[in-house]
>>> print(open('start_33.txt').read())   # compact mmCIF, C-alpha atoms
# COMPACT_ATOMS: atom_id res chain seq x y z
CA MET J 1 0.00 0.00 0.00
CA THR J 2 1.35 3.41 -0.96
CA PRO J 3 1.93 5.72 2.04
CA ALA J 4 -0.18 8.86 2.17
CA ALA J 5 1.56 12.02 1.00
CA TRP J 6 1.65 13.40 4.52
CA THR J 7 3.00 10.30 6.26
CA SER J 8 6.52 11.74 6.48
CA LEU J 9 5.16 14.63 8.57
CA PHE J 10 4.39 12.10 11.30
CA THR J 11 7.33 9.70 10.98
CA ALA J 12 10.35 11.98 10.60
CA PRO J 13 12.59 12.11 13.72
CA LEU J 14 13.30 15.48 15.34
CA ALA J 15 16.87 15.76 14.10
CA GLY J 16 15.71 15.50 10.50
CA ALA J 17 12.41 17.33 10.85
CA ASP J 18 13.70 20.40 12.68
CA PRO J 19 17.50 20.44 13.10
CA ALA J 20 17.44 24.00 14.51
CA ILE J 21 15.32 22.96 17.51
CA ALA J 22 17.17 19.65 17.85
CA ASP J 23 20.48 21.51 18.05
CA LEU J 24 19.16 23.91 20.71
CA ILE J 25 17.85 21.00 22.80
CA GLU J 26 21.22 19.28 22.54
CA GLN J 27 22.94 22.53 23.53
CA GLN J 28 20.72 22.75 26.63
CA ARG J 29 21.52 19.13 27.47
CA ARG J 30 25.26 19.87 27.29
CA ASP J 31 24.86 23.05 29.33
CA ASN J 32 22.91 21.14 32.02
CA ALA J 33 25.64 18.54 32.28
CA ALA J 34 28.48 21.08 32.40
CA ALA J 35 27.06 23.30 35.16
CA VAL J 36 26.87 23.02 38.94
CA ASN J 37 23.13 23.47 39.39
CA LEU J 38 22.06 25.22 42.60
CA VAL J 39 18.70 26.52 41.33
CA ALA J 40 16.28 25.84 44.20
CA SER J 41 13.26 25.36 41.91
CA GLU J 42 14.93 22.75 39.72
CA SER J 43 15.68 19.03 39.93
CA TYR J 44 16.01 16.10 37.53
CA CYS J 45 13.17 13.76 36.54
CA PRO J 46 13.41 9.99 36.87
CA ARG J 47 13.65 8.31 33.49
CA ALA J 48 10.36 6.48 34.09
CA THR J 49 8.45 9.77 34.42
CA LEU J 50 9.96 11.13 31.22
CA GLU J 51 9.02 7.97 29.35
CA ALA J 52 5.45 8.22 30.63
CA GLU J 53 5.19 11.89 29.71
CA ALA J 54 6.45 11.22 26.19
CA CYS J 55 4.23 8.15 25.61
CA VAL J 56 1.29 7.58 23.23
CA LEU J 57 -1.11 8.94 25.85
CA ILE J 58 -0.18 12.37 24.54
CA ASN J 59 -2.72 11.61 21.80
CA LYS J 60 -5.52 10.72 24.21
CA ASN J 61 -8.31 13.09 25.15
CA ALA J 62 -8.54 13.18 28.95
CA SER J 63 -11.40 15.68 29.33
CA GLY J 64 -13.55 15.37 32.42
CA TYR J 65 -13.13 13.25 35.52
CA PRO J 66 -13.49 9.47 35.95
CA PRO J 67 -15.73 7.85 34.87
CA ARG J 68 -15.46 9.54 31.46
CA VAL J 69 -18.69 9.07 29.50
CA SER J 70 -18.60 11.95 27.01
CA PHE J 71 -16.28 10.12 24.59
CA ALA J 72 -15.49 6.51 23.78
CA GLY J 73 -12.37 4.68 24.89
CA GLY J 74 -11.82 6.44 28.20
CA GLU J 75 -11.60 3.36 30.42
CA ILE J 76 -7.81 3.11 30.39
CA MET J 77 -7.44 6.81 31.10
CA ASP J 78 -9.90 6.43 33.99
CA ALA J 79 -7.76 3.61 35.44
CA ILE J 80 -4.56 5.68 35.15
CA GLU J 81 -6.11 8.73 36.79
CA ARG J 82 -7.67 6.73 39.62
CA LEU J 83 -4.28 5.18 40.32
CA ALA J 84 -2.63 8.61 40.37
CA ILE J 85 -5.31 9.94 42.74
CA GLU J 86 -5.00 7.06 45.20
CA ARG J 87 -1.21 7.30 45.20
CA ALA J 88 -1.32 11.05 45.83
CA LYS J 89 -3.80 10.68 48.68
CA THR J 90 -1.64 8.00 50.30
CA LEU J 91 1.55 10.07 49.99
CA PHE J 92 0.15 13.00 51.95
CA GLY J 93 -2.73 11.49 53.93
CA ALA J 94 -5.33 13.46 52.00
CA GLU J 95 -9.07 12.91 51.77
CA HIS J 96 -9.26 14.04 48.15
CA ALA J 97 -6.75 14.67 45.34
CA ASN J 98 -7.00 16.36 41.95
CA VAL J 99 -4.13 15.42 39.61
CA GLN J 100 -5.23 17.35 36.52
CA SER J 101 -3.87 20.87 37.00
CA LEU J 102 -1.52 21.90 34.21
CA SER J 103 0.62 23.82 36.73
CA SER J 104 0.71 24.60 40.41
CA THR J 105 -0.15 28.22 39.62
CA ILE J 106 -3.37 27.12 37.91
CA ALA J 107 -4.04 24.86 40.89
CA ASN J 108 -3.73 27.85 43.21
CA VAL J 109 -6.14 29.92 41.14
CA ALA J 110 -8.62 27.03 41.14
CA VAL J 111 -8.46 26.84 44.95
CA LEU J 112 -9.21 30.55 45.31
CA ARG J 113 -12.06 30.48 42.80
CA GLY J 114 -13.51 27.30 44.24
CA LEU J 115 -13.52 28.38 47.88
CA LEU J 116 -13.91 32.18 47.82
CA ARG J 117 -16.43 34.67 46.52
CA PRO J 118 -15.30 37.89 44.82
CA GLY J 119 -14.48 40.55 47.38
CA GLU J 120 -13.60 38.15 50.21
CA ARG J 121 -10.39 38.64 52.15
CA ILE J 122 -7.08 36.76 51.90
CA LEU J 123 -4.14 36.99 54.30
CA ALA J 124 -1.11 35.66 52.43
CA PHE J 125 2.63 35.28 52.90
CA ASP J 126 4.36 38.53 51.96
CA ARG J 127 6.00 38.60 48.52
CA ALA J 128 9.17 39.99 50.11
CA ALA J 129 9.35 36.87 52.26
CA GLY J 130 8.85 34.55 49.31
CA GLY J 131 5.09 34.52 48.93
CA HIS J 132 4.08 33.55 45.40
CA SER J 133 2.24 35.83 42.97
CA SER J 134 -0.49 33.17 42.62
CA HIS J 135 -1.39 33.61 46.30
CA GLY J 136 -3.28 36.79 45.48
CA GLY J 137 -0.64 39.07 43.99
CA ARG J 138 -1.94 42.40 42.75
CA SER J 139 -0.50 41.92 39.27
CA HIS J 140 -1.67 38.28 39.05
CA VAL J 141 -5.10 37.00 38.09
CA SER J 142 -5.35 35.32 41.50
CA GLY J 143 -5.47 38.68 43.24
CA GLN J 144 -7.88 40.58 41.04
CA ASP J 145 -11.14 39.51 42.67
CA TYR J 146 -10.19 39.56 46.36
CA VAL J 147 -9.00 41.92 49.07
CA VAL J 148 -5.49 40.75 49.92
CA GLU J 149 -3.16 41.71 52.75
CA SER J 150 0.03 40.02 53.86
CA PHE J 151 1.99 38.68 56.80
CA GLY J 152 5.64 37.77 56.73
CA VAL J 153 8.93 37.65 58.56
CA ASP J 154 10.70 39.76 61.11
CA ALA J 155 12.95 42.05 59.04
CA GLN J 156 15.90 41.60 61.39
CA THR J 157 15.79 37.85 62.04
CA GLY J 158 14.18 36.71 58.81
CA MET J 159 11.93 34.29 60.75
CA VAL J 160 8.15 34.11 60.29
CA ASP J 161 6.50 36.42 62.81
CA TYR J 162 3.57 34.27 63.91
CA ASP J 163 2.50 36.68 66.65
CA ALA J 164 2.26 39.51 64.13
CA ALA J 165 0.39 37.22 61.74
CA HIS J 166 -2.10 36.35 64.48
CA ALA J 167 -2.66 39.99 65.39
CA HIS J 168 -3.09 40.92 61.73
CA ALA J 169 -5.58 38.10 61.22
CA ARG J 170 -7.65 39.24 64.19
CA SER J 171 -7.91 42.78 62.86
CA PHE J 172 -8.26 41.91 59.16
CA ARG J 173 -10.59 38.89 59.60
CA PRO J 174 -9.67 37.08 56.37
CA ARG J 175 -11.77 34.35 54.85
CA MET J 176 -8.56 32.49 53.92
CA ILE J 177 -4.94 32.36 55.14
CA VAL J 178 -2.41 31.30 52.50
CA ALA J 179 0.86 29.83 53.76
CA GLY J 180 3.81 28.90 51.60
CA SER J 181 6.99 30.51 50.37
CA SER J 182 9.40 30.22 47.48
CA ALA J 183 12.28 31.91 49.32
CA TYR J 184 11.89 31.05 53.02
CA PRO J 185 14.58 28.53 54.05
CA ARG J 186 13.13 27.56 57.42
CA ARG J 187 10.34 25.15 58.40
CA ILE J 188 6.85 26.64 58.37
CA ASP J 189 4.75 25.93 61.46
CA PHE J 190 1.51 24.92 59.78
CA ASP J 191 -0.06 23.82 63.06
CA ARG J 192 0.35 27.32 64.44
CA LEU J 193 -1.10 28.87 61.31
CA HIS J 194 -4.00 26.43 61.56
CA ALA J 195 -4.65 27.63 65.12
CA ILE J 196 -4.65 31.23 63.87
CA ALA J 197 -7.08 30.33 61.10
CA GLN J 198 -9.34 28.55 63.58
CA ASP J 199 -9.30 31.55 65.89
CA VAL J 200 -10.50 33.95 63.19
CA GLY J 201 -12.79 31.54 61.32
CA ALA J 202 -10.59 31.36 58.21
CA LEU J 203 -9.74 28.58 55.80
CA LEU J 204 -6.09 27.48 55.71
CA PHE J 205 -4.50 27.01 52.29
CA ALA J 206 -0.93 25.62 52.28
CA ASP J 207 1.28 25.77 49.18
CA ILE J 208 4.08 23.22 49.67
CA ALA J 209 5.59 23.43 46.17
CA HIS J 210 9.14 23.80 47.47
CA VAL J 211 9.07 21.28 50.30
CA ALA J 212 6.76 18.50 49.05
CA GLY J 213 9.61 16.00 48.75
CA LEU J 214 10.81 16.77 52.26
CA ILE J 215 7.27 16.25 53.56
CA ILE J 216 7.01 12.87 51.83
CA ALA J 217 10.31 11.87 53.46
CA GLY J 218 9.16 13.03 56.92
CA LEU J 219 11.70 15.86 57.06
CA HIS J 220 9.25 18.78 57.11
CA PRO J 221 5.83 19.20 58.79
CA ASN J 222 2.92 17.98 56.65
CA PRO J 223 0.05 20.50 56.58
CA THR J 224 -2.44 18.12 54.94
CA PRO J 225 -4.06 16.90 58.18
CA CYS J 226 -4.79 20.44 59.40
CA ALA J 227 -5.17 22.53 56.23
CA ASP J 228 -8.40 22.83 54.27
CA VAL J 229 -6.44 22.57 51.04
CA VAL J 230 -2.83 21.94 49.98
CA THR J 231 -1.22 22.47 46.58
CA THR J 232 2.17 21.60 45.17
CA SER J 233 4.09 21.43 41.94
CA THR J 234 5.61 18.13 40.90
CA HIS J 235 9.19 19.31 40.39
CA LYS J 236 11.56 21.00 42.91
CA THR J 237 12.07 18.58 45.82
CA PHE J 238 9.32 16.33 44.41
CA CYS J 239 11.84 15.56 41.63
CA GLY J 240 9.27 15.09 38.87
CA PRO J 241 8.18 16.76 35.62
CA ARG J 242 7.58 20.50 35.60
CA THR J 243 4.23 20.12 33.82
CA GLY J 244 2.23 19.46 36.92
CA GLY J 245 0.18 20.77 39.80
CA LEU J 246 -1.43 18.69 42.53
CA ILE J 247 -4.39 19.69 44.72
CA LEU J 248 -5.10 17.92 48.02
CA CYS J 249 -8.12 18.89 50.07
CA GLN J 250 -10.72 17.90 52.61
CA SER J 251 -13.65 16.04 51.06
CA ARG J 252 -16.08 18.87 51.79
CA HIS J 253 -14.15 21.13 49.38
CA ALA J 254 -13.64 18.57 46.62
CA GLN J 255 -16.62 19.32 44.39
CA ALA J 256 -16.10 23.09 44.41
CA ILE J 257 -12.36 22.89 43.68
CA ASP J 258 -12.71 20.22 41.00
CA ALA J 259 -15.34 22.30 39.19
CA ALA J 260 -13.25 25.47 39.51
CA LEU J 261 -10.31 23.71 37.85
CA ALA J 262 -12.21 21.86 35.12
CA PRO J 263 -14.15 23.13 33.33
CA GLY J 264 -13.63 26.45 35.14
CA LEU J 265 -10.01 27.06 34.14
CA GLN J 266 -8.88 24.33 31.78
CA ALA J 267 -10.14 21.49 29.61
CA ALA J 268 -8.25 18.30 28.72
CA PRO J 269 -5.01 18.03 30.75
CA GLY J 270 -3.38 15.34 28.58
CA GLY J 271 -3.30 11.68 29.53
CA HIS J 272 0.49 11.60 29.33
CA ILE J 273 0.79 14.24 32.07
CA ILE J 274 -1.48 12.34 34.44
CA ALA J 275 0.41 9.11 33.72
CA ALA J 276 3.76 10.75 34.46
CA ARG J 277 2.43 11.98 37.81
CA ALA J 278 1.17 8.51 38.66
CA VAL J 279 4.65 7.13 38.01
CA LEU J 280 6.25 9.88 40.11
CA PHE J 281 3.91 9.20 43.04
CA GLU J 282 5.10 5.59 43.03
CA ARG J 283 8.82 6.40 42.64
CA VAL J 284 8.93 8.65 45.70
CA THR J 285 7.55 5.92 47.97
CA ARG J 286 10.79 3.96 47.57
CA PRO J 287 13.33 3.98 50.46
CA PRO J 288 16.07 5.56 48.29
CA PHE J 289 13.94 8.70 47.94
CA ARG J 290 14.04 9.31 51.69
CA LEU J 291 17.82 8.88 51.61
CA LEU J 292 17.98 11.41 48.80
CA MET J 293 15.88 13.93 50.72
CA GLN J 294 18.08 13.49 53.81
CA ASN J 295 21.09 14.24 51.61
CA VAL J 296 19.23 17.27 50.25
CA VAL J 297 18.73 18.65 53.77
CA ASP J 298 22.28 17.78 54.87
CA GLY J 299 23.68 19.28 51.67
CA ALA J 300 21.80 22.54 52.16
CA ALA J 301 23.08 22.81 55.75
CA ALA J 302 26.65 22.22 54.53
CA LEU J 303 26.23 24.76 51.71
CA ALA J 304 25.02 27.30 54.28
CA ARG J 305 28.04 26.63 56.50
CA GLY J 306 30.41 27.18 53.62
CA ILE J 307 28.79 30.45 52.63
CA GLU J 308 28.62 31.79 56.18
CA ARG J 309 32.19 30.78 57.01
CA GLY J 310 33.20 32.53 53.81
CA GLY J 311 31.95 35.81 55.25
CA VAL J 312 28.55 36.14 53.56
CA PRO J 313 25.49 36.44 55.86
CA LEU J 314 22.49 34.15 55.48
CA PHE J 315 18.85 35.22 55.40
CA ALA J 316 16.98 33.77 58.43
CA GLY J 317 20.34 32.68 59.83
CA GLY J 318 20.51 29.37 57.95
CA THR J 319 18.26 26.61 56.63
CA ASP J 320 16.04 23.70 57.67
CA THR J 321 15.15 22.75 54.10
CA HIS J 322 16.71 22.39 50.64
CA MET J 323 17.09 26.12 50.31
CA VAL J 324 19.82 28.59 51.28
CA VAL J 325 19.42 32.33 50.80
CA ALA J 326 22.55 34.49 50.89
CA ASP J 327 21.75 37.95 52.24
CA LEU J 328 23.22 40.58 49.90
CA ARG J 329 21.18 43.54 51.12
CA ARG J 330 24.27 45.37 52.38
CA SER J 331 26.57 44.34 49.57
CA GLU J 332 27.36 46.35 46.44
CA TRP J 333 26.01 43.71 44.09
CA ALA J 334 23.22 44.50 41.62
CA GLU J 335 20.70 41.82 40.68
CA ALA J 336 21.78 41.66 37.03
CA GLU J 337 25.39 41.06 38.03
CA VAL J 338 25.04 38.23 40.55
CA ASN J 339 23.59 35.45 38.39
CA ALA J 340 25.89 36.31 35.48
CA HIS J 341 28.96 36.30 37.74
CA LEU J 342 28.17 32.86 39.17
CA ALA J 343 27.20 31.44 35.79
CA ARG J 344 30.51 32.66 34.34
CA HIS J 345 32.13 30.34 36.88
CA GLY J 346 29.86 27.39 36.08
CA ILE J 347 27.46 27.79 39.04
CA LEU J 348 23.73 28.35 38.54
CA GLY J 349 21.46 30.05 41.09
CA ASN J 350 18.86 32.79 41.10
CA THR J 351 18.21 36.06 42.85
CA THR J 352 15.25 36.90 45.05
CA THR J 353 13.84 39.91 46.90
CA LEU J 354 14.20 40.13 50.68
CA PRO J 355 12.38 42.36 53.20
CA GLY J 356 13.76 45.87 53.44
CA ARG J 357 15.60 47.15 56.51
CA PRO J 358 16.93 50.58 57.46
CA GLY J 359 20.50 51.00 56.28
CA ASP J 360 20.39 48.36 53.55
CA ARG J 361 21.68 49.19 50.08
CA SER J 362 19.09 46.95 48.42
CA ARG J 363 16.70 44.06 49.04
CA LEU J 364 18.80 41.55 47.13
CA GLY J 365 19.13 37.91 48.07
CA LEU J 366 20.71 34.94 46.28
CA ARG J 367 18.55 31.78 46.45
CA LEU J 368 20.36 28.45 46.17
CA GLY J 369 19.09 24.89 46.45
CA SER J 370 20.72 21.54 47.09
CA THR J 371 18.29 19.22 45.26
CA PRO J 372 19.87 19.01 41.78
CA MET J 373 23.42 18.36 42.97
CA SER J 374 22.18 15.93 45.64
CA ILE J 375 20.54 13.90 42.88
CA ARG J 376 23.92 13.98 41.13
CA GLY J 377 25.55 12.52 44.23
CA LEU J 378 27.40 15.49 45.72
CA PRO J 379 28.13 14.75 49.42
CA ALA J 380 27.90 17.23 52.29
CA ALA J 381 31.64 17.94 52.21
CA GLY J 382 31.31 18.88 48.54
CA PHE J 383 28.45 21.24 49.33
CA GLU J 384 30.47 22.96 52.03
CA ALA J 385 33.36 23.50 49.64
CA LEU J 386 30.91 24.75 47.05
CA GLY J 387 29.51 27.21 49.60
CA ALA J 388 33.01 28.53 50.24
CA ALA J 389 33.48 29.03 46.49
CA VAL J 390 30.16 30.90 46.21
CA ALA J 391 31.18 33.14 49.12
CA ALA J 392 34.52 33.86 47.47
CA LEU J 393 32.76 34.88 44.27
CA LEU J 394 30.36 37.12 46.19
CA ARG J 395 33.31 38.81 47.88
CA GLY J 396 34.74 39.56 44.44
CA ARG J 397 33.77 42.11 41.84
CA PRO J 398 31.57 41.86 38.74
CA GLY J 399 33.52 41.11 35.58
CA THR J 400 36.42 39.43 37.34
CA VAL J 401 37.22 35.75 36.80
CA ASP J 402 38.60 33.33 39.37
CA ALA J 403 40.15 30.68 37.15
CA GLY J 404 40.58 28.28 40.06
CA ILE J 405 36.87 28.32 40.96
CA GLU J 406 35.94 28.01 37.29
CA ARG J 407 38.10 24.90 36.88
CA ALA J 408 36.82 23.42 40.15
CA SER J 409 33.18 23.91 39.08
CA GLN J 410 33.81 22.27 35.73
CA ALA J 411 35.47 19.31 37.43
CA LEU J 412 32.64 19.03 39.96
CA ALA J 413 30.05 18.88 37.18
CA ARG J 414 32.01 16.20 35.31
CA GLU J 415 32.53 14.11 38.44
CA HIS J 416 28.80 14.21 39.31
CA PRO J 417 26.85 13.60 36.10
CA ILE J 418 23.08 13.77 35.78
CA PRO J 419 21.82 10.20 36.42
CA PHE J 420 19.63 10.12 33.34
CA ASP J 421 20.65 12.57 30.66
>>> encode(input="start_33.txt", output="structure tokens")
Amino acid sequence: MTPAAWTSLFTAPLAGADPAIADLIEQQRRDNAAAVNLVASESYCPRATLEAEACVLINKNASGYPPRVSFAGGEIMDAIERLAIERAKTLFGAEHANVQSLSSTIANVAVLRGLLRPGERILAFDRAAGGHSSHGGRSHVSGQDYVVESFGVDAQTGMVDYDAAHAHARSFRPRMIVAGSSAYPRRIDFDRLHAIAQDVGALLFADIAHVAGLIIAGLHPNPTPCADVVTTSTHKTFCGPRTGGLILCQSRHAQAIDAALAPGLQAAPGGHIIAARAVLFERVTRPPFRLLMQNVVDGAAALARGIERGGVPLFAGGTDTHMVVADLRRSEWAEAEVNAHLARHGILGNTTTLPGRPGDRSRLGLRLGSTPMSIRGLPAAGFEALGAAVAALLRGRPGTVDAGIERASQALAREHPIPFD
């Protein structure tokens, strides 16, 4: 039988079909392997999750929730999604799970729209203390329909000021308290926030995107038993694909949140995405994952020691998690210079904004994470040496090159390859 004229459109491999994109992907792969990755919001996916996300389910319509009756042939997709849901509920001890959100940001918007009416009040973690824009930020869609005020950290110590949060909640009387940070390196006391929410009659919404893997491993408090709703991404310490948000909630909120997500915000999520999450939820139950997360926490503590001993102060005085934030508020560094300077030496991180204090030159912080290099097998001693190198670079000047640190970073990347590349 003669192939149809368009068959080659579907059978040609990427390298032949689009060499420009293939070359850029290969360049990114080489760059990933050659760099010491300290980006706190990044990790590396298990091969099994990548295979699931790139499988034939990408062609399958996954509209609706199980049981799917609006189109034929949905039984297998129903079985995959039910498995993902049960695995997610077991991981966190949740009453209900929604595994369809295309991102954790969309999940957060769905929670707000499902549980709040326009004009109701939200008390959220301050953006300067790492609160996310999707927690009701003024410039984000999540904050356009609600009255939002914030609580945060003590400007001097960098620690969450729970007493101030409680006082603010009593005067503001929010309908919802949102807890979760992308730049706070210490444990969050969800039980205390739950008590505050109970006192003022508010719902508690916990965003655990950065610490989900630590929670699974028992190395960070789990808010699921006390919070009305919890969301997370599936990357960062979860170590899965970036295309994913997970919603966990009490059963009484399930119908409203599910409807707010689909059809309220999105339609078909893609069967391949749900399958990849199901695989991830199984992978992280294995004993080696807890060992990895312990190395992540130990590595972050060692990285913090190296930075502090190198003469650079730490925001909040250190870390309890995967995250270390160097405090550059009284340094002469500008935001555009810091990332470029570290990257020139083969080290990847990212800047963040810290609370302002009298006498500071800026509000600049450098956020670093231990997850990627822990996956690559870097031990605590290596993290401490890496922290010393980062501190030395931060004591230097923009535009200068320390050839010794550059060579050491290159060697470190070669000696600790990405497990599946």
>>> closest_residue(input="start_33.txt", among="J:Thr2, J:Asn59, J:Ser134, J:Ser139", to="Leu112 of chain J", atoms="all atoms listed in the file")
J:Ser134
>>> atom_distance(input="start_33.txt", atom1="atom CA of Ser251 of chain J", atom2="atom CA of Asp126 of chain J")
28.8 Å
>>> closest_residue(input="start_33.txt", among="J:Arg138, J:Arg192, J:Arg117, J:His272", to="Ala84 of chain J", atoms="only C-alpha atoms")
J:His272
>>> closest_residue(input="start_33.txt", among="J:Ala381, J:Asn108, J:Glu332, J:Gly16", to="Asn295 of chain J", atoms="only C-alpha atoms")
J:Ala381
>>> closest_residue(input="start_33.txt", among="J:Tyr146, J:Phe10, J:Phe71, J:Phe281", to="Thr90 of chain J", atoms="all atoms listed in the file")
J:Phe281
>>> atom_distance(input="start_33.txt", atom1="atom CA of Ser362 of chain J", atom2="atom CA of Ala392 of chain J")
20.3 Å
>>> decode(input="start_33.txt", residues="segment 1-19 of chain J", atoms="N, CA and C atoms", output="PDB file, in the first residue's frame")
ATOM      1  N   MET J   1       0.845  -1.193   0.000  1.00  0.00           N
ATOM      2  CA  MET J   1       0.000   0.000   0.000  1.00  0.00           C
ATOM      3  C   MET J   1       0.884   1.248   0.000  1.00  0.00           C
ATOM      4  N   THR J   2       0.561   2.194  -0.846  1.00  0.00           N
ATOM      5  CA  THR J   2       1.354   3.415  -0.963  1.00  0.00           C
ATOM      6  C   THR J   2       1.084   4.333   0.223  1.00  0.00           C
ATOM      7  N   PRO J   3       2.148   4.805   0.916  1.00  0.00           N
ATOM      8  CA  PRO J   3       1.935   5.718   2.043  1.00  0.00           C
ATOM      9  C   PRO J   3       1.249   7.010   1.587  1.00  0.00           C
ATOM     10  N   ALA J   4       0.446   7.575   2.463  1.00  0.00           N
ATOM     11  CA  ALA J   4      -0.177   8.862   2.169  1.00  0.00           C
ATOM     12  C   ALA J   4       0.893   9.937   2.035  1.00  0.00           C
ATOM     13  N   ALA J   5       0.580  10.969   1.286  1.00  0.00           N
ATOM     14  CA  ALA J   5       1.563  12.023   0.998  1.00  0.00           C
ATOM     15  C   ALA J   5       2.075  12.711   2.259  1.00  0.00           C
ATOM     16  N   TRP J   6       1.268  12.699   3.284  1.00  0.00           N
ATOM     17  CA  TRP J   6       1.650  13.405   4.519  1.00  0.00           C
ATOM     18  C   TRP J   6       2.300  12.505   5.568  1.00  0.00           C
ATOM     19  N   THR J   7       2.482  11.237   5.260  1.00  0.00           N
ATOM     20  CA  THR J   7       3.004  10.304   6.260  1.00  0.00           C
ATOM     21  C   THR J   7       4.339  10.763   6.837  1.00  0.00           C
ATOM     22  N   SER J   8       5.190  11.321   5.998  1.00  0.00           N
ATOM     23  CA  SER J   8       6.519  11.741   6.477  1.00  0.00           C
ATOM     24  C   SER J   8       6.434  12.843   7.528  1.00  0.00           C
ATOM     25  N   LEU J   9       5.326  13.609   7.522  1.00  0.00           N
ATOM     26  CA  LEU J   9       5.163  14.634   8.571  1.00  0.00           C
ATOM     27  C   LEU J   9       5.098  13.998   9.960  1.00  0.00           C
ATOM     28  N   PHE J  10       4.611  12.769  10.036  1.00  0.00           N
ATOM     29  CA  PHE J  10       4.393  12.100  11.302  1.00  0.00           C
ATOM     30  C   PHE J  10       5.509  11.124  11.672  1.00  0.00           C
ATOM     31  N   THR J  11       6.319  10.732  10.716  1.00  0.00           N
ATOM     32  CA  THR J  11       7.327   9.703  10.985  1.00  0.00           C
ATOM     33  C   THR J  11       8.747  10.233  11.080  1.00  0.00           C
ATOM     34  N   ALA J  12       8.983  11.448  10.608  1.00  0.00           N
ATOM     35  CA  ALA J  12      10.346  11.981  10.602  1.00  0.00           C
ATOM     36  C   ALA J  12      10.826  12.245  12.034  1.00  0.00           C
ATOM     37  N   PRO J  13      12.039  11.807  12.390  1.00  0.00           N
ATOM     38  CA  PRO J  13      12.588  12.114  13.724  1.00  0.00           C
ATOM     39  C   PRO J  13      12.936  13.595  13.840  1.00  0.00           C
ATOM     40  N   LEU J  14      13.081  14.053  15.083  1.00  0.00           N
ATOM     41  CA  LEU J  14      13.296  15.478  15.335  1.00  0.00           C
ATOM     42  C   LEU J  14      14.533  16.007  14.627  1.00  0.00           C
ATOM     43  N   ALA J  15      15.628  15.263  14.676  1.00  0.00           N
ATOM     44  CA  ALA J  15      16.874  15.764  14.095  1.00  0.00           C
ATOM     45  C   ALA J  15      16.725  16.063  12.614  1.00  0.00           C
ATOM     46  N   GLY J  16      15.929  15.252  11.916  1.00  0.00           N
ATOM     47  CA  GLY J  16      15.714  15.500  10.496  1.00  0.00           C
ATOM     48  C   GLY J  16      14.604  16.480  10.236  1.00  0.00           C
ATOM     49  N   ALA J  17      13.572  16.465  11.075  1.00  0.00           N
ATOM     50  CA  ALA J  17      12.411  17.325  10.850  1.00  0.00           C
ATOM     51  C   ALA J  17      12.692  18.778  11.180  1.00  0.00           C
ATOM     52  N   ASP J  18      13.432  19.024  12.248  1.00  0.00           N
ATOM     53  CA  ASP J  18      13.703  20.396  12.679  1.00  0.00           C
ATOM     54  C   ASP J  18      15.080  20.450  13.326  1.00  0.00           C
ATOM     55  N   PRO J  19      16.141  20.457  12.532  1.00  0.00           N
ATOM     56  CA  PRO J  19      17.499  20.441  13.098  1.00  0.00           C
ATOM     57  C   PRO J  19      17.814  21.656  13.962  1.00  0.00           C
TER      58      PRO J  19
END
